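Q: See final.txt below, with compact mmCIF, C-alpha atoms.
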# COMPACT_ATOMS: atom_id res chain seq x y z
CA MET A 1 0.09 23.71 19.35
CA GLU A 2 1.32 22.47 16.02
CA PRO A 3 -0.37 19.29 14.85
CA HIS A 4 3.01 17.52 14.86
CA ALA A 5 3.90 18.34 18.44
CA ILE A 6 3.68 14.98 20.23
CA PRO A 7 6.29 14.78 23.01
CA GLY A 8 9.28 12.54 22.24
CA THR A 9 7.92 11.83 18.79
CA SER A 10 8.80 12.98 15.31
CA ILE A 11 6.70 12.50 12.21
CA PHE A 12 8.65 11.07 9.28
CA ASP A 13 7.36 13.50 6.69
CA GLY A 14 8.69 15.00 3.46
CA ALA A 15 11.23 17.18 5.27
CA LEU A 16 12.76 14.24 7.17
CA ALA A 17 12.46 11.92 4.15
CA GLN A 18 14.58 14.36 2.14
CA LYS A 19 17.04 14.98 4.94
CA GLY A 20 17.53 11.30 5.68
CA TYR A 21 17.56 9.97 2.15
CA ALA A 22 21.23 8.92 1.99
CA LEU A 23 21.17 7.24 5.41
CA ASN A 24 17.93 5.39 4.72
CA ARG A 25 19.20 4.37 1.29
CA MET A 26 22.30 2.86 2.88
CA CYS A 27 20.15 1.01 5.44
CA PHE A 28 17.89 -0.29 2.64
CA SER A 29 20.99 -1.84 1.05
CA PHE A 30 21.40 -4.01 4.19
CA ASN A 31 18.60 -6.28 2.97
CA SER A 32 21.51 -8.02 1.22
CA ALA A 33 23.79 -10.18 3.39
CA GLU A 34 26.68 -9.35 1.07
CA ASN A 35 26.19 -5.62 1.71
CA ARG A 36 26.04 -6.19 5.47
CA LYS A 37 29.39 -7.95 5.22
CA ALA A 38 30.84 -5.13 3.13
CA PHE A 39 29.73 -2.57 5.74
CA LEU A 40 31.37 -4.54 8.56
CA ALA A 41 34.57 -4.93 6.55
CA ASN A 42 34.86 -1.20 5.82
CA GLU A 43 32.33 1.00 7.57
CA GLU A 44 33.95 4.29 6.59
CA GLY A 45 34.17 3.35 2.93
CA TYR A 46 30.64 2.00 2.87
CA CYS A 47 29.18 5.19 4.39
CA ALA A 48 31.18 7.27 1.91
CA LYS A 49 29.83 5.21 -1.00
CA TYR A 50 26.29 6.12 0.08
CA ASN A 51 27.20 9.80 0.53
CA LEU A 52 26.11 10.06 4.14
CA THR A 53 26.16 13.61 5.47
CA ARG A 54 28.66 14.40 8.22
CA GLU A 55 25.81 14.43 10.76
CA GLN A 56 24.62 11.00 9.59
CA ARG A 57 28.14 9.61 9.52
CA ASP A 58 28.83 10.79 13.08
CA ALA A 59 25.55 9.39 14.36
CA VAL A 60 26.29 6.00 12.77
CA LYS A 61 29.84 6.02 14.11
CA ARG A 62 28.56 6.69 17.63
CA ARG A 63 25.67 4.18 17.18
CA ASN A 64 23.40 6.95 18.45
CA VAL A 65 19.80 6.30 17.47
CA LEU A 66 18.30 9.66 18.48
CA ASP A 67 20.96 11.43 16.42
CA MET A 68 20.29 9.13 13.46
CA LEU A 69 16.60 10.01 13.73
CA ALA A 70 17.44 13.73 13.92
CA ALA A 71 19.53 13.25 10.77
CA GLY A 72 16.45 11.92 8.96
CA GLY A 73 16.78 8.20 9.66
CA ASN A 74 13.56 6.22 9.63
CA VAL A 75 13.35 3.54 12.29
CA TYR A 76 12.13 0.84 9.89
CA TYR A 77 15.38 1.33 7.96
CA LEU A 78 17.57 1.91 11.01
CA ALA A 79 16.38 -1.47 12.35
CA LYS A 80 18.31 -3.10 9.49
CA LEU A 81 21.49 -1.28 10.56
CA ALA A 82 20.86 -2.16 14.22
CA GLY A 83 20.59 -5.82 13.22
CA ILE A 84 24.16 -5.72 11.94
CA PHE A 85 25.30 -4.78 15.44
CA GLY A 86 23.08 -7.49 16.95
CA LEU A 87 20.78 -4.92 18.56
CA ASN A 88 17.02 -5.50 18.76
CA VAL A 89 14.25 -2.96 19.30
CA GLN A 90 14.46 -3.27 23.09
CA ASP A 91 18.13 -2.29 22.88
CA LEU A 92 17.16 0.67 20.68
CA GLY A 93 14.34 1.62 23.05
CA ALA A 94 16.63 1.48 26.07
CA GLN A 95 19.22 3.67 24.38
CA GLN A 96 16.68 6.28 23.27
CA THR A 97 14.98 6.52 26.65
CA GLY A 98 18.20 6.38 28.68
CA MET A 99 17.06 3.24 30.51
CA THR A 100 18.86 -0.03 31.01
CA VAL A 101 17.53 -2.76 28.72
CA GLU A 102 16.03 -4.54 31.73
CA ALA A 103 14.30 -1.35 32.91
CA PHE A 104 12.96 -0.75 29.40
CA LYS A 105 11.55 -4.30 29.25
CA GLU A 106 9.93 -3.76 32.64
CA HIS A 107 8.45 -0.50 31.34
CA LEU A 108 6.87 -2.50 28.49
CA ARG A 109 5.51 -5.15 30.87
CA GLU A 110 4.15 -2.39 33.10
CA ALA A 111 2.03 -1.09 30.18
CA GLY A 112 0.18 -4.41 30.21
CA ARG A 113 -0.89 -4.20 33.85
CA MET B 114 -20.13 -15.61 -6.90
CA ALA B 115 -17.36 -14.75 -4.48
CA HIS B 116 -18.21 -13.89 -0.92
CA ILE B 117 -16.30 -12.71 2.14
CA VAL B 118 -16.24 -15.23 4.97
CA GLY B 119 -14.64 -12.91 7.49
CA GLY B 120 -11.77 -10.71 8.52
CA ILE B 121 -8.78 -11.18 10.78
CA GLY B 122 -6.59 -8.52 12.33
CA SER B 123 -3.18 -9.69 13.52
CA THR B 124 0.02 -8.20 14.84
CA HIS B 125 3.07 -8.77 12.60
CA VAL B 126 6.10 -8.08 14.85
CA PRO B 127 9.30 -9.41 13.16
CA ALA B 128 10.44 -11.15 16.37
CA ILE B 129 7.49 -13.56 15.92
CA GLY B 130 9.29 -14.88 12.83
CA GLY B 131 12.37 -15.50 14.98
CA ALA B 132 10.26 -17.28 17.64
CA ILE B 133 8.66 -19.49 14.96
CA ALA B 134 12.11 -20.31 13.53
CA LYS B 135 13.34 -21.29 17.00
CA GLY B 136 10.14 -23.18 17.93
CA LEU B 137 9.41 -21.01 21.01
CA GLN B 138 5.61 -21.34 20.86
CA GLN B 139 5.49 -22.97 24.35
CA ASP B 140 8.10 -20.67 25.89
CA PRO B 141 6.52 -18.70 28.81
CA TYR B 142 7.19 -15.35 27.10
CA TRP B 143 5.54 -16.43 23.84
CA LYS B 144 2.83 -18.87 24.94
CA PRO B 145 0.10 -16.29 25.79
CA PHE B 146 0.60 -14.85 22.32
CA PHE B 147 0.74 -18.05 20.24
CA ASP B 148 -2.11 -19.68 22.19
CA GLY B 149 -4.40 -16.91 20.99
CA PHE B 150 -4.29 -18.38 17.49
CA HIS B 151 -5.87 -21.77 18.32
CA ASN B 152 -9.40 -20.42 18.06
CA ALA B 153 -8.57 -18.51 14.88
CA ARG B 154 -7.31 -21.71 13.25
CA GLN B 155 -10.39 -23.59 14.39
CA TRP B 156 -12.63 -21.00 12.78
CA LEU B 157 -10.52 -21.09 9.58
CA ALA B 158 -10.85 -24.87 9.38
CA GLN B 159 -14.58 -24.36 9.28
CA ALA B 160 -14.71 -21.23 7.09
CA LYS B 161 -12.22 -22.76 4.58
CA PRO B 162 -11.31 -19.63 2.63
CA ASP B 163 -9.89 -20.06 -0.88
CA VAL B 164 -8.27 -16.64 -1.03
CA ALA B 165 -6.76 -14.19 1.46
CA VAL B 166 -6.72 -10.49 0.60
CA VAL B 167 -4.09 -8.97 2.89
CA PHE B 168 -3.88 -5.29 3.85
CA TYR B 169 -0.37 -4.69 5.19
CA ASN B 170 2.48 -2.18 5.14
CA ASP B 171 5.89 -2.73 3.61
CA HIS B 172 8.89 -1.95 5.86
CA GLY B 173 11.53 -1.45 3.19
CA LEU B 174 11.66 -4.78 1.39
CA ASN B 175 9.73 -4.17 -1.83
CA PHE B 176 9.33 -0.41 -1.61
CA PHE B 177 12.00 2.15 -0.79
CA LEU B 178 11.56 5.89 -0.31
CA ASP B 179 12.56 6.48 -3.94
CA LYS B 180 9.03 5.53 -5.05
CA MET B 181 6.44 5.20 -2.34
CA PRO B 182 2.90 4.41 -3.39
CA THR B 183 0.09 5.22 -0.97
CA PHE B 184 -1.84 2.09 -1.99
CA ALA B 185 -0.36 -0.76 -4.06
CA VAL B 186 -2.11 -3.95 -5.18
CA GLY B 187 -0.20 -7.12 -6.02
CA ALA B 188 -1.10 -8.73 -9.34
CA ALA B 189 1.50 -11.48 -9.47
CA LYS B 190 1.14 -15.24 -9.92
CA GLN B 191 3.40 -15.75 -6.95
CA TYR B 192 4.95 -13.71 -4.14
CA ARG B 193 8.19 -14.30 -2.29
CA HIS B 194 9.60 -13.19 1.04
CA GLU B 195 13.28 -12.29 1.12
CA ASP B 196 15.91 -11.22 3.63
CA GLU B 197 14.85 -7.93 5.23
CA GLY B 198 18.22 -7.38 6.84
CA TRP B 199 18.11 -9.95 9.62
CA GLY B 200 18.60 -13.09 7.56
CA ILE B 201 15.16 -14.47 8.49
CA GLY B 202 12.93 -15.39 5.60
CA PHE B 203 10.01 -17.70 5.01
CA LYS B 204 11.37 -19.65 2.09
CA HIS B 205 8.17 -21.02 0.60
CA PRO B 206 6.34 -18.93 -2.03
CA TYR B 207 2.80 -17.55 -1.72
CA THR B 208 0.36 -18.32 -4.52
CA GLY B 209 -1.19 -15.28 -6.16
CA ASP B 210 -4.57 -14.82 -7.83
CA PRO B 211 -3.98 -12.48 -10.78
CA GLU B 212 -7.57 -12.75 -11.99
CA LEU B 213 -8.97 -11.51 -8.68
CA SER B 214 -6.14 -8.94 -8.41
CA TRP B 215 -7.07 -7.37 -11.74
CA HIS B 216 -10.75 -7.45 -10.87
CA LEU B 217 -9.92 -5.51 -7.69
CA ILE B 218 -7.66 -3.11 -9.59
CA GLU B 219 -10.35 -2.44 -12.25
CA ASN B 220 -12.93 -1.77 -9.56
CA LEU B 221 -10.68 0.31 -7.33
CA VAL B 222 -9.48 2.59 -10.12
CA GLY B 223 -13.07 2.72 -11.40
CA ASN B 224 -14.02 4.02 -7.95
CA ASP B 225 -11.31 6.70 -7.84
CA PHE B 226 -8.70 4.74 -5.86
CA ASP B 227 -5.69 5.28 -8.12
CA VAL B 228 -3.62 2.33 -6.92
CA THR B 229 -0.18 1.23 -8.03
CA THR B 230 -0.31 -2.21 -9.66
CA CYS B 231 2.54 -4.64 -9.05
CA GLN B 232 3.10 -7.65 -11.31
CA GLU B 233 6.21 -8.33 -9.27
CA MET B 234 6.20 -7.75 -5.56
CA LEU B 235 8.22 -9.04 -2.63
CA VAL B 236 6.16 -9.42 0.54
CA ASP B 237 7.70 -8.72 3.93
CA HIS B 238 7.05 -9.91 7.49
CA ALA B 239 3.85 -7.88 7.66
CA PHE B 240 2.38 -10.26 5.09
CA THR B 241 4.17 -13.52 5.95
CA ILE B 242 3.91 -13.59 9.76
CA PRO B 243 0.12 -13.42 10.09
CA LEU B 244 -0.17 -16.16 7.43
CA ALA B 245 2.40 -18.28 9.31
CA LEU B 246 0.39 -17.82 12.52
CA LEU B 247 -2.88 -18.82 10.87
CA TRP B 248 -1.38 -21.71 8.88
CA PRO B 249 1.63 -22.78 10.98
CA GLU B 250 2.72 -25.68 8.79
CA ASP B 251 6.10 -24.81 7.31
CA LYS B 252 4.85 -24.61 3.72
CA SER B 253 2.88 -22.34 1.43
CA PRO B 254 -0.48 -21.51 3.05
CA PRO B 255 -3.46 -23.29 1.42
CA VAL B 256 -4.98 -20.08 0.04
CA ARG B 257 -4.37 -17.89 -2.96
CA THR B 258 -3.31 -14.40 -1.90
CA VAL B 259 -3.71 -10.77 -2.96
CA PRO B 260 -1.44 -8.34 -1.08
CA ILE B 261 -2.63 -4.73 -0.75
CA MET B 262 0.06 -2.43 0.63
CA ILE B 263 -0.83 0.75 2.52
CA ASN B 264 1.94 3.30 3.13
CA THR B 265 2.43 3.73 6.88
CA VAL B 266 6.09 4.72 6.61
CA GLN B 267 6.43 8.11 4.96
CA HIS B 268 3.93 10.85 5.81
CA PRO B 269 1.55 12.08 4.51
CA LEU B 270 -0.29 8.81 5.13
CA PRO B 271 -3.84 8.11 3.97
CA SER B 272 -6.43 8.96 6.64
CA PRO B 273 -8.32 6.31 8.61
CA ALA B 274 -11.50 7.39 6.76
CA ARG B 275 -9.78 6.92 3.40
CA CYS B 276 -8.45 3.48 4.38
CA PHE B 277 -11.92 2.46 5.54
CA LYS B 278 -13.35 3.54 2.17
CA LEU B 279 -10.58 1.63 0.38
CA GLY B 280 -11.65 -1.43 2.35
CA GLN B 281 -15.30 -0.84 1.44
CA ALA B 282 -14.37 -0.59 -2.25
CA VAL B 283 -12.38 -3.84 -1.98
CA GLY B 284 -15.31 -5.51 -0.22
CA ARG B 285 -17.79 -4.44 -2.91
CA ALA B 286 -15.37 -5.54 -5.64
CA ILE B 287 -14.95 -8.99 -4.07
CA GLU B 288 -18.69 -9.42 -3.85
CA SER B 289 -19.13 -8.52 -7.52
CA TYR B 290 -16.54 -11.14 -8.56
CA LYS B 291 -18.22 -13.83 -10.66
CA PRO B 292 -16.12 -16.94 -9.90
CA ASP B 293 -17.01 -18.84 -6.74
CA ALA B 294 -14.48 -18.05 -4.07
CA LYS B 295 -14.57 -17.78 -0.31
CA VAL B 296 -12.48 -14.78 0.61
CA LEU B 297 -10.77 -13.97 3.91
CA VAL B 298 -9.63 -10.38 4.46
CA LEU B 299 -6.63 -9.71 6.69
CA GLY B 300 -5.35 -6.48 8.22
CA THR B 301 -1.92 -6.70 9.86
CA GLY B 302 0.28 -4.73 12.26
CA GLY B 303 -0.15 -2.82 15.50
CA LEU B 304 -1.59 -2.43 17.90
CA SER B 305 -0.03 0.40 19.92
CA HIS B 306 3.75 0.65 19.77
CA GLN B 307 6.48 3.16 19.17
CA LEU B 308 10.01 2.17 18.23
CA ASP B 309 11.58 5.59 17.75
CA GLY B 310 12.27 8.71 19.74
CA LYS B 311 12.31 9.52 23.43
CA ARG B 312 8.76 8.14 23.66
CA ALA B 313 9.97 4.70 22.44
CA GLY B 314 8.19 1.94 24.33
CA PHE B 315 4.89 3.84 24.39
CA ILE B 316 1.89 1.48 24.63
CA ASN B 317 -1.74 2.50 25.22
CA LYS B 318 -3.82 -0.43 26.46
CA GLU B 319 -6.98 1.61 26.99
CA PHE B 320 -6.96 2.95 23.44
CA ASP B 321 -6.19 -0.49 21.94
CA LEU B 322 -9.06 -2.14 23.80
CA GLN B 323 -11.38 0.62 22.64
CA CYS B 324 -10.19 0.07 19.04
CA LEU B 325 -10.73 -3.71 19.29
CA ASN B 326 -14.26 -3.00 20.45
CA ASP B 327 -14.94 -0.36 17.79
CA LEU B 328 -13.58 -2.62 15.04
CA VAL B 329 -16.41 -5.04 15.81
CA ASN B 330 -19.35 -2.75 16.47
CA ALA B 331 -18.56 0.84 15.60
CA PRO B 332 -15.88 1.08 12.90
CA ASP B 333 -17.16 4.56 12.01
CA ALA B 334 -15.72 5.78 15.33
CA LEU B 335 -12.20 4.97 14.07
CA THR B 336 -12.68 6.95 10.87
CA LYS B 337 -13.09 10.16 12.90
CA TYR B 338 -9.43 10.16 13.94
CA SER B 339 -6.73 11.91 11.96
CA VAL B 340 -3.42 10.14 11.30
CA ILE B 341 -1.75 12.38 13.89
CA ASP B 342 -4.48 11.59 16.46
CA ILE B 343 -3.65 7.90 16.07
CA VAL B 344 0.12 8.47 16.25
CA GLU B 345 -0.48 10.37 19.48
CA LYS B 346 -2.76 7.70 20.98
CA ALA B 347 -1.12 4.54 19.61
CA GLY B 348 2.49 5.49 18.82
CA THR B 349 4.38 6.13 15.60
CA GLN B 350 4.02 2.49 14.49
CA GLY B 351 0.60 2.07 16.10
CA ILE B 352 -0.61 3.80 12.95
CA GLU B 353 -0.43 0.34 11.34
CA ILE B 354 -4.01 0.00 12.55
CA LEU B 355 -4.83 1.62 9.19
CA ASN B 356 -4.52 -1.93 7.77
CA TRP B 357 -7.09 -3.22 10.27
CA ILE B 358 -9.44 -0.34 9.47
CA ALA B 359 -9.23 -1.21 5.75
CA MET B 360 -9.88 -4.88 6.59
CA ARG B 361 -12.97 -3.91 8.59
CA GLY B 362 -14.20 -1.70 5.73
CA ALA B 363 -14.22 -4.74 3.45
CA LEU B 364 -16.67 -6.61 5.69
CA THR B 365 -19.89 -5.41 4.13
CA GLY B 366 -22.26 -7.99 5.66
CA ASP B 367 -23.38 -8.67 9.22
CA VAL B 368 -20.22 -8.79 11.33
CA SER B 369 -19.80 -10.70 14.57
CA LYS B 370 -16.79 -11.36 16.74
CA ILE B 371 -15.53 -14.94 16.85
CA HIS B 372 -12.43 -14.43 18.96
CA SER B 373 -9.92 -11.88 20.17
CA ASN B 374 -6.65 -11.94 22.06
CA TYR B 375 -4.61 -9.04 23.46
CA HIS B 376 -1.24 -9.43 25.12
CA ILE B 377 1.48 -6.98 26.22
CA PRO B 378 4.30 -7.02 25.32
CA ILE B 379 5.55 -8.89 22.30
CA SER B 380 8.85 -7.20 21.57
CA ASN B 381 7.92 -3.47 21.96
CA THR B 382 4.33 -4.00 20.87
CA ALA B 383 0.87 -4.54 22.30
CA SER B 384 -0.01 -7.65 20.32
CA ALA B 385 -3.55 -8.34 19.21
CA LEU B 386 -5.67 -10.75 17.25
CA LEU B 387 -9.27 -10.22 16.17
CA VAL B 388 -11.34 -12.75 14.23
CA LEU B 389 -14.56 -11.48 12.68
CA ASN B 390 -17.22 -13.47 10.91
CA ASN B 391 -18.92 -11.80 7.95
CA GLN B 392 -22.38 -12.98 6.99
CA PRO B 393 -23.07 -11.54 3.55
CA ARG B 394 -26.55 -9.99 3.61
CA GLU B 395 -27.59 -11.43 0.27
CA ILE B 396 -26.70 -14.98 1.31
CA ALA B 397 -28.55 -14.58 4.61
CA TYR B 398 -31.57 -13.40 2.59
CA ARG B 399 -31.31 -16.30 0.14
CA LYS B 400 -31.09 -18.81 2.99
CA ALA B 401 -34.10 -17.31 4.72
CA SER B 402 -36.33 -17.27 1.66
Would you kindly transcribe this structure into structure tokens?

A:
Amino acid sequence: MEPHAIPGTSIFDGALAQKGYALNRMCFSFNSAENRKAFLANEEGYCAKYNLTREQRDAVKRRNVLDMLAAGGNVYYLAKLAGIFGLNVQDLGAQQTGMTVEAFKEHLREAGR
Amino acid sequence: MAHIVGGIGSTHVPAIGGAIAKGLQQDPYWKPFFDGFHNARQWLAQAKPDVAVVFYNDHGLNFFLDKMPTFAVGAAKQYRHEDEGWGIGFKHPYTGDPELSWHLIENLVGNDFDVTTCQEMLVDHAFTIPLALLWPEDKSPPVRTVPIMINTVQHPLPSPARCFKLGQAVGRAIESYKPDAKVLVLGTGGLSHQLDGKRAGFINKEFDLQCLNDLVNAPDALTKYSVIDIVEKAGTQGIEILNWIAMRGALTGDVSKIHSNYHIPISNTASALLVLNNQPREIAYRKAS
């Protein structure tokens, strides 16, 4: 078993950091409210300005978190993008696990019992 | 001489900042979490630290992946929190302590910890939220601060053993600092949580409770894990416990538990608080003789 093989988990290492650089760099820009506005005004143009790969662009367009991760996105940066769409980490969790948001929240509560 | 009064480990989930902004401390969802801090504040009122040295991880406010230090020490007169993408920011500044910062930097580099030094540094929720929980008044906390950032974002990450040794070096450096200062050491983040991947929502209560126990009595047990072991047991972001391990390393005296709280969930996280008293051995000796 490779040391990285944890089910449902990827390790954000040098390979992913290189692969995801453009996407994460765009997400980093969302620390600025002005940039968040610019993205909402022209998503296509904004993604092009940051040279997103086709895979990254498609994943962003489809708001698909697992695909963004596969394209090298780091969740700490993707959280800034998710915020633009008004999504919190329970919404992201629900989407990635294929649960409803309510079921995902219950899954979290269950861990405490 | 400076001495370390104790250490505190605290969760730093961003949603806590939102709950503080909305005044939700008595809301049924939040109450079991916020109530945990009463005893911590009581102990602080008695310990009266002058300085807080804060081990934390940056989430893409000050540091981006273009330049990612493994360990970075703030050496600024003042630190600010800014918008991290959600428009929530603690607007008051945090007072620095450049003299202590440079003393730590001199000692760390002198002990083979080749840290990045930052004369300008924005601090993110991982720094501001624990301080806001410990000093809830909406103003600058009444302590000088030294932020120490540990990379928990981009692997390879420093090992638990290395972070513990970093903490030990910080602890020794504080105790060799000539000016009188009572120092509190903080470690922030965790405990178990995973935000990304098909395993998102992973929480491991049994492992967390074991860690809370080991942090008091057997910190060496935590240094045996690899980074990947901890990711497996505590989740991809559960690795933030590296900050707690560094905090514990800095407590070089006789350590006893004052208080702990553990509550699931806050956002996607198993939230935790641990307050440790540190009785410096030399002071205990001086008092006894």

Q: Atom CA of B:Val186 and atom CA of A:Tyr21, how far apart in Å?

A: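 Atom-to-atom, atom CA of A:Tyr21 to atom CA of B:Val186, that is 25.2 Å.
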
Q: Using all atoms listed in the file, which of the listed residues (B:His268, B:Arg312, B:Lys318, B:Lys346) sits closest to A:Phe12?

A: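 Counting all atoms listed in the file, the residue closest to A:Phe12 is B:His268.
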
Q: For stretch 84-99 of chain A, work out the shell of residues within 10 Å, counting all atoms listed in the file and skipping chain neighbours fewer than 2 positions away, then give it as number ranges by chain.

A: A: 8, 30, 33, 36-37, 39-40, 63-67, 75, 78-82, 101-105, 107-108; B: 128, 198-199, 307-315, 380-381

Q: When you draw a straight line from atom CA of B:Gln281 to atom CA of B:Ile263, how long is it in Å?

A: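 Going from atom CA of B:Gln281 over to atom CA of B:Ile263 covers 14.6 Å.
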
Q: From the list B:Lys190, B:Lys204, B:Lys278, B:His376, which residue is nearest A:Arg109 when using only C-alpha atoms?

A: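 Checking each of B:Lys190, B:Lys204, B:Lys278, B:His376 against A:Arg109, counting only C-alpha atoms, the winner is B:His376.
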
Q: Could you name the residues that touch B:Cys276 at 10 Å or less, counting all atoms listed in the file, but leaving out those on the same chain fewer than 5 positions away, as an NGL selection string?

A: :B and (168 or 184 or 263 or 270-271 or 281-282 or 336 or 354-362)

Q: Would you mind telling me which residue in B:Pro127, B:Pro243, B:Gly122, B:Gly302 lies nearest to B:Leu386 when using all atoms listed in the file?

A: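 The closest residue to B:Leu386 is B:Gly122.
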
Q: I'd like the interatomic distance between atom CA of B:Gly119 and atom CA of B:Lys337, to a tenth of an Å.

A: 23.7 Å

Q: Between A:Ala15, A:Ser32, A:Arg57, A:Glu106, single out the one closest to chain B, counting only C-alpha atoms.

A: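 Using only C-alpha atoms, chain B sits closest to A:Ser32.
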
Q: Extract, using all atoms listed in the file, all DNA, RNA and protein residues at most 12 Å from A:Ile6, discarding same-chain residues fewer than 3 positions from it, and format them as a compact mmCIF listing (two decimals) with C-alpha atoms, in the coordinates of the input.

A:
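Final output, out.txt:
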# COMPACT_ATOMS: atom_id res chain seq x y z
CA MET A 1 0.09 23.71 19.35
CA GLU A 2 1.32 22.47 16.02
CA PRO A 3 -0.37 19.29 14.85
CA THR A 9 7.92 11.83 18.79
CA SER A 10 8.80 12.98 15.31
CA ILE A 11 6.70 12.50 12.21
CA GLY B 310 12.27 8.71 19.74
CA LYS B 311 12.31 9.52 23.43
CA ARG B 312 8.76 8.14 23.66
CA PHE B 315 4.89 3.84 24.39
CA ILE B 341 -1.75 12.38 13.89
CA ASP B 342 -4.48 11.59 16.46
CA ILE B 343 -3.65 7.90 16.07
CA VAL B 344 0.12 8.47 16.25
CA GLU B 345 -0.48 10.37 19.48
CA LYS B 346 -2.76 7.70 20.98
CA ALA B 347 -1.12 4.54 19.61
CA GLY B 348 2.49 5.49 18.82
CA THR B 349 4.38 6.13 15.60

Q: Considering all atoms listed in the file, can you say which of B:Asp148, B:Glu197, B:Leu213, B:His125 comes closest to B:Asp293?

A: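 Counting all atoms listed in the file, the residue closest to B:Asp293 is B:Leu213.
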
Q: Using only C-alpha atoms, can you tell me which of A:Leu52, A:Val60, A:Cys47, A:Leu16 comes closest to chain B?

A: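 For chain B, the nearest of the candidates is A:Leu16.
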
Q: May I have the residues at most 6 Å from (17.1, 12.5, 8.5) in the file's coordinates, counting only C-alpha atoms, as a list in words?

A: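 Residues satisfying the cut-off, written out: Leu16, Lys19, Gly20, Leu69, Ala70, Ala71, Gly72 and Gly73 of chain A.
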